[in-house]
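Shown next: final_19.cif, given as mmCIF, C-alpha atoms.
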```cif
data_run
#
loop_
_atom_site.group_PDB
_atom_site.id
_atom_site.type_symbol
_atom_site.label_atom_id
_atom_site.label_comp_id
_atom_site.auth_asym_id
_atom_site.auth_seq_id
_atom_site.Cartn_x
_atom_site.Cartn_y
_atom_site.Cartn_z
ATOM 1 C CA MET A 1 26.338 0.097 -6.432
ATOM 2 C CA GLU A 2 24.629 0.397 -3.088
ATOM 3 C CA ASP A 3 26.518 3.496 -2.026
ATOM 4 C CA LYS A 4 25.372 5.432 -5.084
ATOM 5 C CA ASN A 5 21.709 5.013 -4.258
ATOM 6 C CA LYS A 6 19.875 7.438 -2.051
ATOM 7 C CA TYR A 7 16.464 6.748 -0.618
ATOM 8 C CA SER A 8 13.947 9.471 0.160
ATOM 9 C CA ILE A 9 11.321 8.259 2.595
ATOM 10 C CA ILE A 10 8.130 10.263 2.243
ATOM 11 C CA ILE A 11 5.757 10.152 5.212
ATOM 12 C CA PRO A 12 2.519 12.120 4.932
ATOM 13 C CA THR A 13 1.186 13.066 8.364
ATOM 14 C CA TYR A 14 -1.911 14.511 9.924
ATOM 15 C CA ASN A 15 -2.077 14.516 13.722
ATOM 16 C CA GLU A 16 0.662 11.940 14.223
ATOM 17 C CA ARG A 17 2.857 13.665 16.808
ATOM 18 C CA LEU A 18 3.710 10.531 18.749
ATOM 19 C CA ASN A 19 3.846 8.149 15.802
ATOM 20 C CA ILE A 20 6.182 10.322 13.759
ATOM 21 C CA ALA A 21 8.751 10.337 16.551
ATOM 22 C CA LEU A 22 8.570 6.567 16.932
ATOM 23 C CA ILE A 23 8.762 5.946 13.206
ATOM 24 C CA VAL A 24 11.778 8.225 12.736
ATOM 25 C CA TYR A 25 13.599 6.445 15.542
ATOM 26 C CA LEU A 26 12.830 3.055 13.991
ATOM 27 C CA VAL A 27 13.913 4.150 10.513
ATOM 28 C CA PHE A 28 17.270 5.287 11.845
ATOM 29 C CA LYS A 29 17.582 2.080 13.828
ATOM 30 C CA HIS A 30 16.966 -0.212 10.880
ATOM 31 C CA LEU A 31 18.690 1.681 8.047
ATOM 32 C CA ARG A 32 22.284 1.770 9.201
ATOM 33 C CA ASP A 33 24.492 1.695 6.126
ATOM 34 C CA VAL A 34 22.155 3.361 3.695
ATOM 35 C CA ASP A 35 22.051 6.930 2.442
ATOM 36 C CA PHE A 36 18.563 8.210 3.109
ATOM 37 C CA GLU A 37 16.452 11.188 4.075
ATOM 38 C CA ILE A 38 13.018 11.378 5.648
ATOM 39 C CA ILE A 39 10.564 13.854 4.178
ATOM 40 C CA VAL A 40 7.609 14.583 6.430
ATOM 41 C CA VAL A 41 4.707 16.131 4.543
ATOM 42 C CA ASP A 42 2.485 17.494 7.277
ATOM 43 C CA ASP A 43 -0.915 18.856 6.387
ATOM 44 C CA GLY A 44 -1.113 21.522 9.076
ATOM 45 C CA SER A 45 -1.765 19.141 11.981
ATOM 46 C CA PRO A 46 -3.278 21.019 14.925
ATOM 47 C CA ASP A 47 -1.753 18.560 17.424
ATOM 48 C CA GLY A 48 1.793 19.885 17.046
ATOM 49 C CA THR A 49 3.218 17.196 14.779
ATOM 50 C CA GLN A 50 5.502 19.824 13.230
ATOM 51 C CA GLU A 51 6.930 20.756 16.649
ATOM 52 C CA ILE A 52 7.913 17.148 17.182
ATOM 53 C CA VAL A 53 9.502 16.972 13.737
ATOM 54 C CA LYS A 54 11.598 20.047 14.592
ATOM 55 C CA GLN A 55 12.688 18.380 17.832
ATOM 56 C CA LEU A 56 13.642 15.282 15.841
ATOM 57 C CA GLN A 57 15.657 17.467 13.458
ATOM 58 C CA GLN A 58 17.691 18.607 16.467
ATOM 59 C CA VAL A 59 18.476 14.979 17.303
ATOM 60 C CA TYR A 60 19.103 13.565 13.840
ATOM 61 C CA GLY A 61 20.005 16.607 11.746
ATOM 62 C CA GLU A 62 18.031 18.863 9.451
ATOM 63 C CA ASP A 63 19.622 17.300 6.405
ATOM 64 C CA ARG A 64 18.249 13.858 7.334
ATOM 65 C CA ILE A 65 14.738 14.890 8.315
ATOM 66 C CA LEU A 66 13.016 17.382 6.069
ATOM 67 C CA LEU A 67 9.794 19.044 7.110
ATOM 68 C CA ARG A 68 7.800 20.037 4.073
ATOM 69 C CA ALA A 69 4.518 21.178 5.546
ATOM 70 C CA ARG A 70 1.402 22.296 3.770
ATOM 71 C CA PRO A 71 -1.108 24.729 5.240
ATOM 72 C CA LYS A 72 -4.106 22.408 5.351
ATOM 73 C CA LYS A 73 -5.350 18.912 4.602
ATOM 74 C CA LEU A 74 -4.960 18.482 0.852
ATOM 75 C CA GLY A 75 -5.085 14.727 0.376
ATOM 76 C CA LEU A 76 -2.712 11.830 -0.039
ATOM 77 C CA GLY A 77 -2.010 11.989 -3.762
ATOM 78 C CA THR A 78 -0.868 15.574 -3.695
ATOM 79 C CA ALA A 79 1.116 14.873 -0.514
ATOM 80 C CA TYR A 80 3.251 12.434 -2.489
ATOM 81 C CA SER A 81 3.809 14.798 -5.399
ATOM 82 C CA HIS A 82 4.661 17.526 -2.891
ATOM 83 C CA GLY A 83 7.150 15.223 -1.157
ATOM 84 C CA VAL A 84 8.717 13.998 -4.396
ATOM 85 C CA LYS A 85 9.436 17.573 -5.450
ATOM 86 C CA HIS A 86 11.726 17.876 -2.450
ATOM 87 C CA ALA A 87 13.268 14.417 -2.708
ATOM 88 C CA SER A 88 16.970 14.275 -3.513
ATOM 89 C CA GLY A 89 17.223 10.482 -3.675
ATOM 90 C CA ASN A 90 16.992 8.347 -6.803
ATOM 91 C CA PHE A 91 14.575 6.055 -4.969
ATOM 92 C CA VAL A 92 11.499 7.041 -3.021
ATOM 93 C CA VAL A 93 9.840 5.042 -0.264
ATOM 94 C CA ILE A 94 6.272 5.790 0.665
ATOM 95 C CA MET A 95 4.887 4.685 3.984
ATOM 96 C CA ASP A 96 2.126 5.490 6.434
ATOM 97 C CA ALA A 97 2.907 7.391 9.597
ATOM 98 C CA ASP A 98 0.616 5.387 11.845
ATOM 99 C CA LEU A 99 3.113 2.570 12.592
ATOM 100 C CA SER A 100 1.073 0.017 10.684
ATOM 101 C CA HIS A 101 4.089 -0.016 8.357
ATOM 102 C CA HIS A 102 7.138 -1.031 10.357
ATOM 103 C CA PRO A 103 10.483 0.448 9.225
ATOM 104 C CA LYS A 104 12.198 -2.876 9.914
ATOM 105 C CA TYR A 105 11.035 -4.006 6.479
ATOM 106 C CA LEU A 106 12.882 -1.203 4.682
ATOM 107 C CA PRO A 107 16.074 -3.257 4.266
ATOM 108 C CA SER A 108 14.121 -6.044 2.548
ATOM 109 C CA PHE A 109 12.591 -3.529 0.102
ATOM 110 C CA ILE A 110 16.042 -2.185 -0.721
ATOM 111 C CA LYS A 111 17.569 -5.655 -0.987
ATOM 112 C CA LYS A 112 14.792 -6.844 -3.289
ATOM 113 C CA GLN A 113 15.264 -3.832 -5.533
ATOM 114 C CA LEU A 114 19.021 -4.350 -5.725
ATOM 115 C CA GLU A 115 18.613 -8.045 -6.494
ATOM 116 C CA THR A 116 15.995 -7.661 -9.200
ATOM 117 C CA GLY A 117 16.502 -4.155 -10.531
ATOM 118 C CA ALA A 118 12.770 -3.584 -10.161
ATOM 119 C CA SER A 119 11.226 -0.154 -10.635
ATOM 120 C CA ILE A 120 8.711 -0.750 -7.875
ATOM 121 C CA VAL A 121 8.858 -2.948 -4.783
ATOM 122 C CA THR A 122 5.513 -3.210 -3.069
ATOM 123 C CA GLY A 123 4.790 -4.622 0.367
ATOM 124 C CA THR A 124 2.204 -7.377 0.464
ATOM 125 C CA ARG A 125 0.284 -8.612 3.487
ATOM 126 C CA TYR A 126 -1.291 -11.602 1.792
ATOM 127 C CA VAL A 127 1.639 -14.000 1.410
ATOM 128 C CA LYS A 128 3.710 -16.250 3.637
ATOM 129 C CA ASP A 129 5.582 -14.229 6.277
ATOM 130 C CA GLY A 130 3.186 -11.353 5.720
ATOM 131 C CA GLY A 131 0.102 -10.720 7.781
ATOM 132 C CA VAL A 132 -2.302 -8.411 9.504
ATOM 133 C CA HIS A 133 -3.004 -7.836 13.163
ATOM 134 C CA GLY A 134 -5.920 -6.063 14.762
ATOM 135 C CA TRP A 135 -8.658 -6.705 12.217
ATOM 136 C CA ASN A 136 -11.996 -8.210 13.144
ATOM 137 C CA LEU A 137 -13.811 -10.747 10.991
ATOM 138 C CA MET A 138 -15.817 -8.099 9.161
ATOM 139 C CA ARG A 139 -12.686 -6.184 8.234
ATOM 140 C CA LYS A 140 -11.005 -9.359 6.989
ATOM 141 C CA LEU A 141 -14.088 -10.322 4.984
ATOM 142 C CA THR A 142 -14.254 -6.902 3.340
ATOM 143 C CA SER A 143 -10.577 -7.033 2.554
ATOM 144 C CA ARG A 144 -10.727 -10.515 1.021
ATOM 145 C CA GLY A 145 -13.864 -9.683 -0.955
ATOM 146 C CA ALA A 146 -12.339 -6.488 -2.290
ATOM 147 C CA ASN A 147 -9.177 -8.344 -3.220
ATOM 148 C CA VAL A 148 -10.937 -11.191 -5.052
ATOM 149 C CA LEU A 149 -13.072 -8.673 -6.945
ATOM 150 C CA ALA A 150 -10.055 -6.660 -7.998
ATOM 151 C CA GLN A 151 -8.000 -9.724 -8.933
ATOM 152 C CA THR A 152 -10.849 -11.129 -11.037
ATOM 153 C CA LEU A 153 -11.674 -7.892 -12.823
ATOM 154 C CA LEU A 154 -8.334 -6.134 -13.148
ATOM 155 C CA TRP A 155 -5.692 -8.909 -13.350
ATOM 156 C CA PRO A 156 -3.183 -6.543 -11.785
ATOM 157 C CA GLY A 157 -0.333 -9.002 -11.308
ATOM 158 C CA VAL A 158 0.248 -8.032 -7.666
ATOM 159 C CA SER A 159 -1.337 -9.630 -4.624
ATOM 160 C CA ASP A 160 -1.901 -6.562 -2.444
ATOM 161 C CA LEU A 161 -3.415 -3.625 -4.294
ATOM 162 C CA THR A 162 -4.356 -1.287 -1.488
ATOM 163 C CA GLY A 163 -1.211 -1.599 0.568
ATOM 164 C CA SER A 164 0.747 1.620 0.526
ATOM 165 C CA PHE A 165 4.180 0.583 1.776
ATOM 166 C CA ARG A 166 6.197 0.811 -1.432
ATOM 167 C CA LEU A 167 9.555 1.664 -2.906
ATOM 168 C CA TYR A 168 9.655 3.429 -6.268
ATOM 169 C CA ARG A 169 12.350 4.508 -8.629
ATOM 170 C CA LYS A 170 11.904 8.264 -8.412
ATOM 171 C CA SER A 171 11.320 8.815 -12.137
ATOM 172 C CA VAL A 172 8.700 6.056 -12.133
ATOM 173 C CA LEU A 173 6.875 7.569 -9.189
ATOM 174 C CA GLU A 174 6.821 10.969 -10.876
ATOM 175 C CA ASP A 175 5.417 9.416 -14.029
ATOM 176 C CA LEU A 176 2.731 7.541 -12.077
ATOM 177 C CA ILE A 177 1.696 10.488 -9.941
ATOM 178 C CA SER A 178 1.158 12.586 -13.038
ATOM 179 C CA SER A 179 -1.161 9.953 -14.526
ATOM 180 C CA CYS A 180 -3.203 9.134 -11.419
ATOM 181 C CA VAL A 181 -6.252 11.114 -10.389
ATOM 182 C CA SER A 182 -7.915 9.088 -7.606
ATOM 183 C CA LYS A 183 -7.998 10.099 -3.972
ATOM 184 C CA GLY A 184 -7.566 8.266 -0.698
ATOM 185 C CA TYR A 185 -6.600 4.636 -0.814
ATOM 186 C CA VAL A 186 -8.083 4.056 -4.264
ATOM 187 C CA PHE A 187 -5.066 6.155 -5.245
ATOM 188 C CA GLN A 188 -2.777 3.327 -4.056
ATOM 189 C CA MET A 189 -4.670 0.872 -6.223
ATOM 190 C CA GLU A 190 -4.590 3.174 -9.242
ATOM 191 C CA MET A 191 -0.835 3.684 -8.865
ATOM 192 C CA ILE A 192 -0.009 -0.011 -8.890
ATOM 193 C CA VAL A 193 -2.521 -0.946 -11.622
ATOM 194 C CA ARG A 194 -1.245 1.810 -13.911
ATOM 195 C CA ALA A 195 2.320 0.789 -13.158
ATOM 196 C CA SER A 196 1.466 -2.768 -14.111
ATOM 197 C CA ARG A 197 -0.220 -1.644 -17.367
ATOM 198 C CA LYS A 198 2.732 0.557 -18.255
ATOM 199 C CA GLY A 199 4.922 -2.509 -17.989
ATOM 200 C CA TYR A 200 7.085 -1.409 -15.079
ATOM 201 C CA HIS A 201 8.945 -4.196 -13.311
ATOM 202 C CA ILE A 202 7.142 -4.749 -10.005
ATOM 203 C CA GLU A 203 8.378 -7.004 -7.200
ATOM 204 C CA GLU A 204 6.758 -7.891 -3.901
ATOM 205 C CA VAL A 205 8.086 -8.383 -0.393
ATOM 206 C CA PRO A 206 6.075 -9.667 2.571
ATOM 207 C CA ILE A 207 5.193 -7.151 5.248
ATOM 208 C CA THR A 208 3.111 -7.316 8.380
ATOM 209 C CA PHE A 209 0.466 -4.768 9.131
ATOM 210 C CA VAL A 210 -0.427 -3.915 12.718
ATOM 211 C CA ASP A 211 -3.496 -1.716 12.727
ATOM 212 C CA ARG A 212 -3.090 1.699 14.303
ATOM 213 C CA VAL A 213 -1.818 1.656 17.860
ATOM 214 C CA TYR A 214 -2.334 5.337 18.613
ATOM 215 C CA GLY A 215 -5.124 7.401 17.152
ATOM 216 C CA SER A 216 -8.279 6.169 15.499
ATOM 217 C CA SER A 217 -8.503 4.096 12.338
ATOM 218 C CA LYS A 218 -9.646 6.003 9.303
ATOM 219 C CA LEU A 219 -11.791 3.340 7.644
ATOM 220 C CA GLY A 220 -15.485 4.120 7.272
ATOM 221 C CA GLY A 221 -18.480 2.516 5.565
ATOM 222 C CA SER A 222 -18.443 4.866 2.590
ATOM 223 C CA GLU A 223 -15.001 3.529 1.701
ATOM 224 C CA ILE A 224 -16.586 0.446 0.170
ATOM 225 C CA VAL A 225 -18.552 2.653 -2.230
ATOM 226 C CA GLU A 226 -15.386 4.592 -3.018
ATOM 227 C CA TYR A 227 -13.575 1.340 -3.648
ATOM 228 C CA LEU A 228 -16.209 0.047 -6.068
ATOM 229 C CA LYS A 229 -16.219 3.348 -7.913
ATOM 230 C CA GLY A 230 -12.441 3.155 -8.118
ATOM 231 C CA LEU A 231 -12.648 -0.361 -9.508
ATOM 232 C CA VAL A 232 -15.040 0.678 -12.283
ATOM 233 C CA TYR A 233 -12.913 3.729 -13.007
ATOM 234 C CA LEU A 234 -9.819 1.558 -13.418
ATOM 235 C CA LEU A 235 -11.720 -0.924 -15.579
ATOM 236 C CA VAL A 236 -12.615 1.708 -18.138
ATOM 237 C CA THR A 237 -9.455 3.823 -18.052
ATOM 238 C CA THR A 238 -6.587 1.360 -17.838
ATOM 239 C CA MET B 1 -6.305 -1.715 -24.977
ATOM 240 C CA LYS B 2 -8.515 -0.676 -22.097
ATOM 241 C CA HIS B 3 -9.074 -3.459 -19.650
ATOM 242 C CA ILE B 4 -12.843 -3.366 -19.982
ATOM 243 C CA VAL B 5 -12.373 -4.079 -23.720
ATOM 244 C CA LYS B 6 -10.328 -7.175 -22.881
ATOM 245 C CA ILE B 7 -13.041 -8.465 -20.582
ATOM 246 C CA MET B 8 -15.755 -7.647 -23.124
ATOM 247 C CA THR B 9 -13.802 -9.462 -25.816
ATOM 248 C CA LEU B 10 -13.578 -12.486 -23.579
ATOM 249 C CA LEU B 11 -17.325 -12.361 -22.919
ATOM 250 C CA VAL B 12 -18.112 -11.969 -26.622
ATOM 251 C CA ALA B 13 -15.883 -14.948 -27.422
ATOM 252 C CA ILE B 14 -17.668 -17.064 -24.834
ATOM 253 C CA SER B 15 -21.068 -15.947 -26.160
ATOM 254 C CA ALA B 16 -20.007 -16.815 -29.709
ATOM 255 C CA LEU B 17 -18.950 -20.259 -28.542
ATOM 256 C CA TRP B 18 -22.305 -20.685 -26.866
ATOM 257 C CA GLY B 19 -24.149 -19.468 -29.955
ATOM 258 C CA GLY B 20 -22.223 -21.966 -32.038
ATOM 259 C CA LEU B 21 -23.079 -24.732 -29.639
ATOM 260 C CA LEU B 22 -26.772 -23.846 -29.953
ATOM 261 C CA GLN B 23 -26.521 -23.918 -33.768
ATOM 262 C CA ILE B 24 -24.826 -27.253 -34.185
ATOM 263 C CA SER B 25 -27.050 -28.837 -31.497
ATOM 264 C CA MET B 26 -24.288 -31.140 -30.345
ATOM 265 C CA VAL B 27 -25.881 -31.132 -26.924
ATOM 266 C CA PRO B 28 -29.651 -31.010 -26.414
ATOM 267 C CA ARG B 29 -30.949 -27.491 -26.936
ATOM 268 C CA SER B 30 -32.636 -27.332 -23.531
ATOM 269 C CA HIS B 31 -29.286 -28.062 -21.861
ATOM 270 C CA ALA B 32 -27.353 -25.618 -23.986
ATOM 271 C CA LEU B 33 -29.804 -22.827 -23.186
ATOM 272 C CA LEU B 34 -29.011 -23.208 -19.498
ATOM 273 C CA LEU B 35 -25.244 -22.909 -19.942
ATOM 274 C CA PRO B 36 -25.067 -19.121 -19.328
ATOM 275 C CA ILE B 37 -26.822 -19.648 -16.007
ATOM 276 C CA TYR B 38 -24.313 -22.332 -15.069
ATOM 277 C CA PHE B 39 -21.549 -19.951 -16.081
ATOM 278 C CA VAL B 40 -22.802 -17.173 -13.818
ATOM 279 C CA VAL B 41 -23.365 -19.614 -10.960
ATOM 280 C CA CYS B 42 -19.847 -21.007 -11.399
ATOM 281 C CA LEU B 43 -18.394 -17.514 -11.404
ATOM 282 C CA GLY B 44 -20.257 -16.723 -8.190
ATOM 283 C CA CYS B 45 -19.107 -19.967 -6.588
ATOM 284 C CA TYR B 46 -15.527 -19.247 -7.607
ATOM 285 C CA GLY B 47 -15.734 -15.815 -5.989
ATOM 286 C CA LEU B 48 -17.238 -17.134 -2.776
ATOM 287 C CA LEU B 49 -14.715 -19.961 -2.662
ATOM 288 C CA MET B 50 -11.809 -17.571 -3.097
ATOM 289 C CA VAL B 51 -13.130 -15.274 -0.381
ATOM 290 C CA GLY B 52 -13.696 -18.261 1.901
ATOM 291 C CA VAL B 53 -10.268 -19.740 1.317
ATOM 292 C CA GLY B 54 -8.685 -16.313 1.697
ATOM 293 C CA LEU B 55 -10.528 -15.802 4.955
ATOM 294 C CA MET B 56 -9.498 -19.193 6.334
ATOM 295 C CA GLN B 57 -5.868 -18.685 5.389
ATOM 296 C CA PHE B 58 -5.834 -15.023 6.351
ATOM 297 C CA PRO B 59 -2.285 -14.467 7.598
ATOM 298 C CA THR B 60 -2.232 -12.890 11.028
ATOM 299 C CA CYS B 61 0.682 -11.725 13.114
ATOM 300 C CA PRO B 62 -0.220 -11.235 16.793
ATOM 301 C CA GLN B 63 3.451 -11.484 17.736
ATOM 302 C CA GLU B 64 4.143 -8.377 15.651
ATOM 303 C CA ALA B 65 1.905 -6.287 17.904
ATOM 304 C CA VAL B 66 3.968 -7.383 20.924
ATOM 305 C CA LEU B 67 7.246 -6.623 19.149
ATOM 306 C CA LEU B 68 5.906 -3.212 18.161
ATOM 307 C CA GLN B 69 5.082 -2.391 21.769
ATOM 308 C CA GLN B 70 8.663 -3.255 22.708
ATOM 309 C CA ASP B 71 9.939 -1.028 19.904
ATOM 310 C CA ILE B 72 7.757 1.809 21.140
ATOM 311 C CA ILE B 73 9.138 1.558 24.681
ATOM 312 C CA GLU B 74 12.669 1.432 23.309
ATOM 313 C CA ALA B 75 12.069 4.466 21.079
ATOM 314 C CA LYS B 76 10.601 6.507 23.911
ATOM 315 C CA LYS B 77 13.538 5.638 26.154
ATOM 316 C CA TYR B 78 15.929 6.888 23.473
ATOM 317 C CA LEU B 79 14.051 10.009 22.409
ATOM 318 C CA LYS B 80 12.901 11.420 25.737
ATOM 319 C CA PRO B 81 16.327 12.421 27.143
ATOM 320 C CA ARG B 82 17.171 13.947 23.754
ATOM 321 C CA GLY B 83 14.458 16.553 24.005
ATOM 322 C CA VAL B 84 11.722 14.956 21.916
ATOM 323 C CA ASP B 85 8.294 15.171 23.499
ATOM 324 C CA VAL B 86 6.988 11.609 23.397
ATOM 325 C CA GLY B 87 4.373 12.126 26.080
ATOM 326 C CA SER B 88 4.254 10.789 29.604
ATOM 327 C CA ASP B 89 4.564 7.111 30.662
#
```
What's the structure tokens form of this structure?
Amino acid sequence: MEDKNKYSIIIPTYNERLNIALIVYLVFKHLRDVDFEIIVVDDGSPDGTQEIVKQLQQVYGEDRILLRARPKKLGLGTAYSHGVKHASGNFVVIMDADLSHHPKYLPSFIKKQLETGASIVTGTRYVKDGGVHGWNLMRKLTSRGANVLAQTLLWPGVSDLTGSFRLYRKSVLEDLISSCVSKGYVFQMEMIVRASRKGYHIEEVPITFVDRVYGSSKLGGSEIVEYLKGLVYLLVTT
Amino acid sequence: MKHIVKIMTLLVAISALWGGLLQISMVPRSHALLLPIYFVVCLGCYGLLMVGVGLMQFPTCPQEAVLLQQDIIEAKKYLKPRGVDVGSD
């Protein structure tokens, strides 16, 4: 059964020239006996991310690493739909390019899916064997508060709503993308809440999250407002 | 059913229960009138407790940062001679 499955790993990038090289190396290191392809959706990074991807294609092959660039920054949600259009696998993995999602967990996603037949396997930081590194107290407090609020109001059935390290059955991802409208990381929450409401089988695996090593973190104060708006939006539409 | 409707239904059911309690005056009226306040306070306490517990048990993984640094060195060592620009050092 395993050899029939193909996994398309979609990695949206913007100014991640170093991280994309490291992540590709680690994916190839940890996925040995699996049929997969990496689809890099680069939003016109000025730092030469695409040059690096072309160099990586020389090392690993153009059939394994696909560069599907877009001319400018167009947002995360559309990056996924853009990537999925070019995906040839029956499963799609979505992960961040900033190394906060370590490719060593990919085998556990795949194993969990094979064991349970789930349509979605989502990485969770808030269970045993999961965890976060590099957050200060304020960041942890915000995260816990946001999580308790969402759990109390939305009853989503998953423990980590805003994590974005996930494996989807391709058809399920296509269905979800077409029904989600949010932007940024509220999009991640909308995807999993809608999936839960639609009755898709969702499983969780523990992952660790090491906050960005290279480059600056993208979390700002206005994100809290965006989050609350997203919560209300999900309350009235799902 | 939209989720907000579910929550509203729950709130209406609780209000109806409270209204009933006021009618039958099983408990003294002055006590029963305060119940919604207790309810809100309890909800707030539950939230704070959950945040507090979550914060205390927040899973951290400092060892993962060390392992990642090792992976990064390893990756650079592999990629550099193969013509991938992974920067200096």
Exercise for review: Given the file shown, determine the residues that the PyMOL selection byres ((chain A) within 6 of (chain B)) selects; report them as a PyMOL selection string.
Suggested key: chain A and resi 18+22+55+131-133+144-145+235-236+238
Close residues, B:Leu35 itself excluded, 12 Å, all atoms listed in the file, min 5 positions apart in chain, as a tab-separated table (two decimals) with C-alpha atoms, in the frame of the given file:
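Saved as out_10.tsv:
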```
chain	number	residue	atom	x	y	z
B	14	ILE	CA	-17.67	-17.06	-24.83
B	15	SER	CA	-21.07	-15.95	-26.16
B	17	LEU	CA	-18.95	-20.26	-28.54
B	18	TRP	CA	-22.30	-20.68	-26.87
B	19	GLY	CA	-24.15	-19.47	-29.96
B	21	LEU	CA	-23.08	-24.73	-29.64
B	22	LEU	CA	-26.77	-23.85	-29.95
B	27	VAL	CA	-25.88	-31.13	-26.92
B	28	PRO	CA	-29.65	-31.01	-26.41
B	29	ARG	CA	-30.95	-27.49	-26.94
B	30	SER	CA	-32.64	-27.33	-23.53
B	40	VAL	CA	-22.80	-17.17	-13.82
B	41	VAL	CA	-23.36	-19.61	-10.96
B	42	CYS	CA	-19.85	-21.01	-11.40
```
Review point. Using the chain letters and numbers from the file, which residues does the PyMOL selection byres ((chain A and resi 41) around 10) grab, as a ChimeraX atom specification?
Key: /A:10-14,38-40,42-44,50,66-70,76,78-80,82-83
Enumerate, as a PDB file with C-alpha atoms, in the coordinates of the input, the residues matched when the PyMOL selection byres ((chain A and resi 99) around 10) is run on the file above.
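The result, written out as out.pdb:
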```pdb
ATOM      1  CA  GLU A  16       0.662  11.940  14.223  1.00  0.00           C
ATOM      2  CA  ASN A  19       3.846   8.149  15.802  1.00  0.00           C
ATOM      3  CA  ILE A  20       6.182  10.322  13.759  1.00  0.00           C
ATOM      4  CA  LEU A  22       8.570   6.567  16.932  1.00  0.00           C
ATOM      5  CA  ILE A  23       8.762   5.946  13.206  1.00  0.00           C
ATOM      6  CA  LEU A  26      12.830   3.055  13.991  1.00  0.00           C
ATOM      7  CA  MET A  95       4.887   4.685   3.984  1.00  0.00           C
ATOM      8  CA  ASP A  96       2.126   5.490   6.434  1.00  0.00           C
ATOM      9  CA  ALA A  97       2.907   7.391   9.597  1.00  0.00           C
ATOM     10  CA  ASP A  98       0.616   5.387  11.845  1.00  0.00           C
ATOM     11  CA  SER A 100       1.073   0.017  10.684  1.00  0.00           C
ATOM     12  CA  HIS A 101       4.089  -0.016   8.357  1.00  0.00           C
ATOM     13  CA  HIS A 102       7.138  -1.031  10.357  1.00  0.00           C
ATOM     14  CA  PRO A 103      10.483   0.448   9.225  1.00  0.00           C
ATOM     15  CA  PHE A 209       0.466  -4.768   9.131  1.00  0.00           C
ATOM     16  CA  VAL A 210      -0.427  -3.915  12.718  1.00  0.00           C
ATOM     17  CA  ASP A 211      -3.496  -1.716  12.727  1.00  0.00           C
ATOM     18  CA  ARG A 212      -3.090   1.699  14.303  1.00  0.00           C
ATOM     19  CA  VAL A 213      -1.818   1.656  17.860  1.00  0.00           C
ATOM     20  CA  TYR A 214      -2.334   5.337  18.613  1.00  0.00           C
TER      21      TYR A 214
ATOM     22  CA  LEU B  68       5.906  -3.212  18.161  1.00  0.00           C
ATOM     23  CA  ILE B  72       7.757   1.809  21.140  1.00  0.00           C
TER      24      ILE B  72
END
```
**Study point:** Among listed residues A:Ile65, A:Val232, A:Val34, A:Val121, nearest A:Arg169 (using all atoms listed in the file)
**Key:** A:Val121
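In this model, the gap between atom CA of A:Lys85 and atom CA of A:Lys29 comes to 26.0 Å.
Rounded to one decimal, atom CA of A:Pro206 and atom CA of A:Asn90 lie 23.1 Å from each other.
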Point to revise | Nearest residue to A:Asp35 from the set A:Ile9, A:Leu74, A:Leu137, A:Ala21 (distances using all atoms listed in the file) | key: A:Ile9
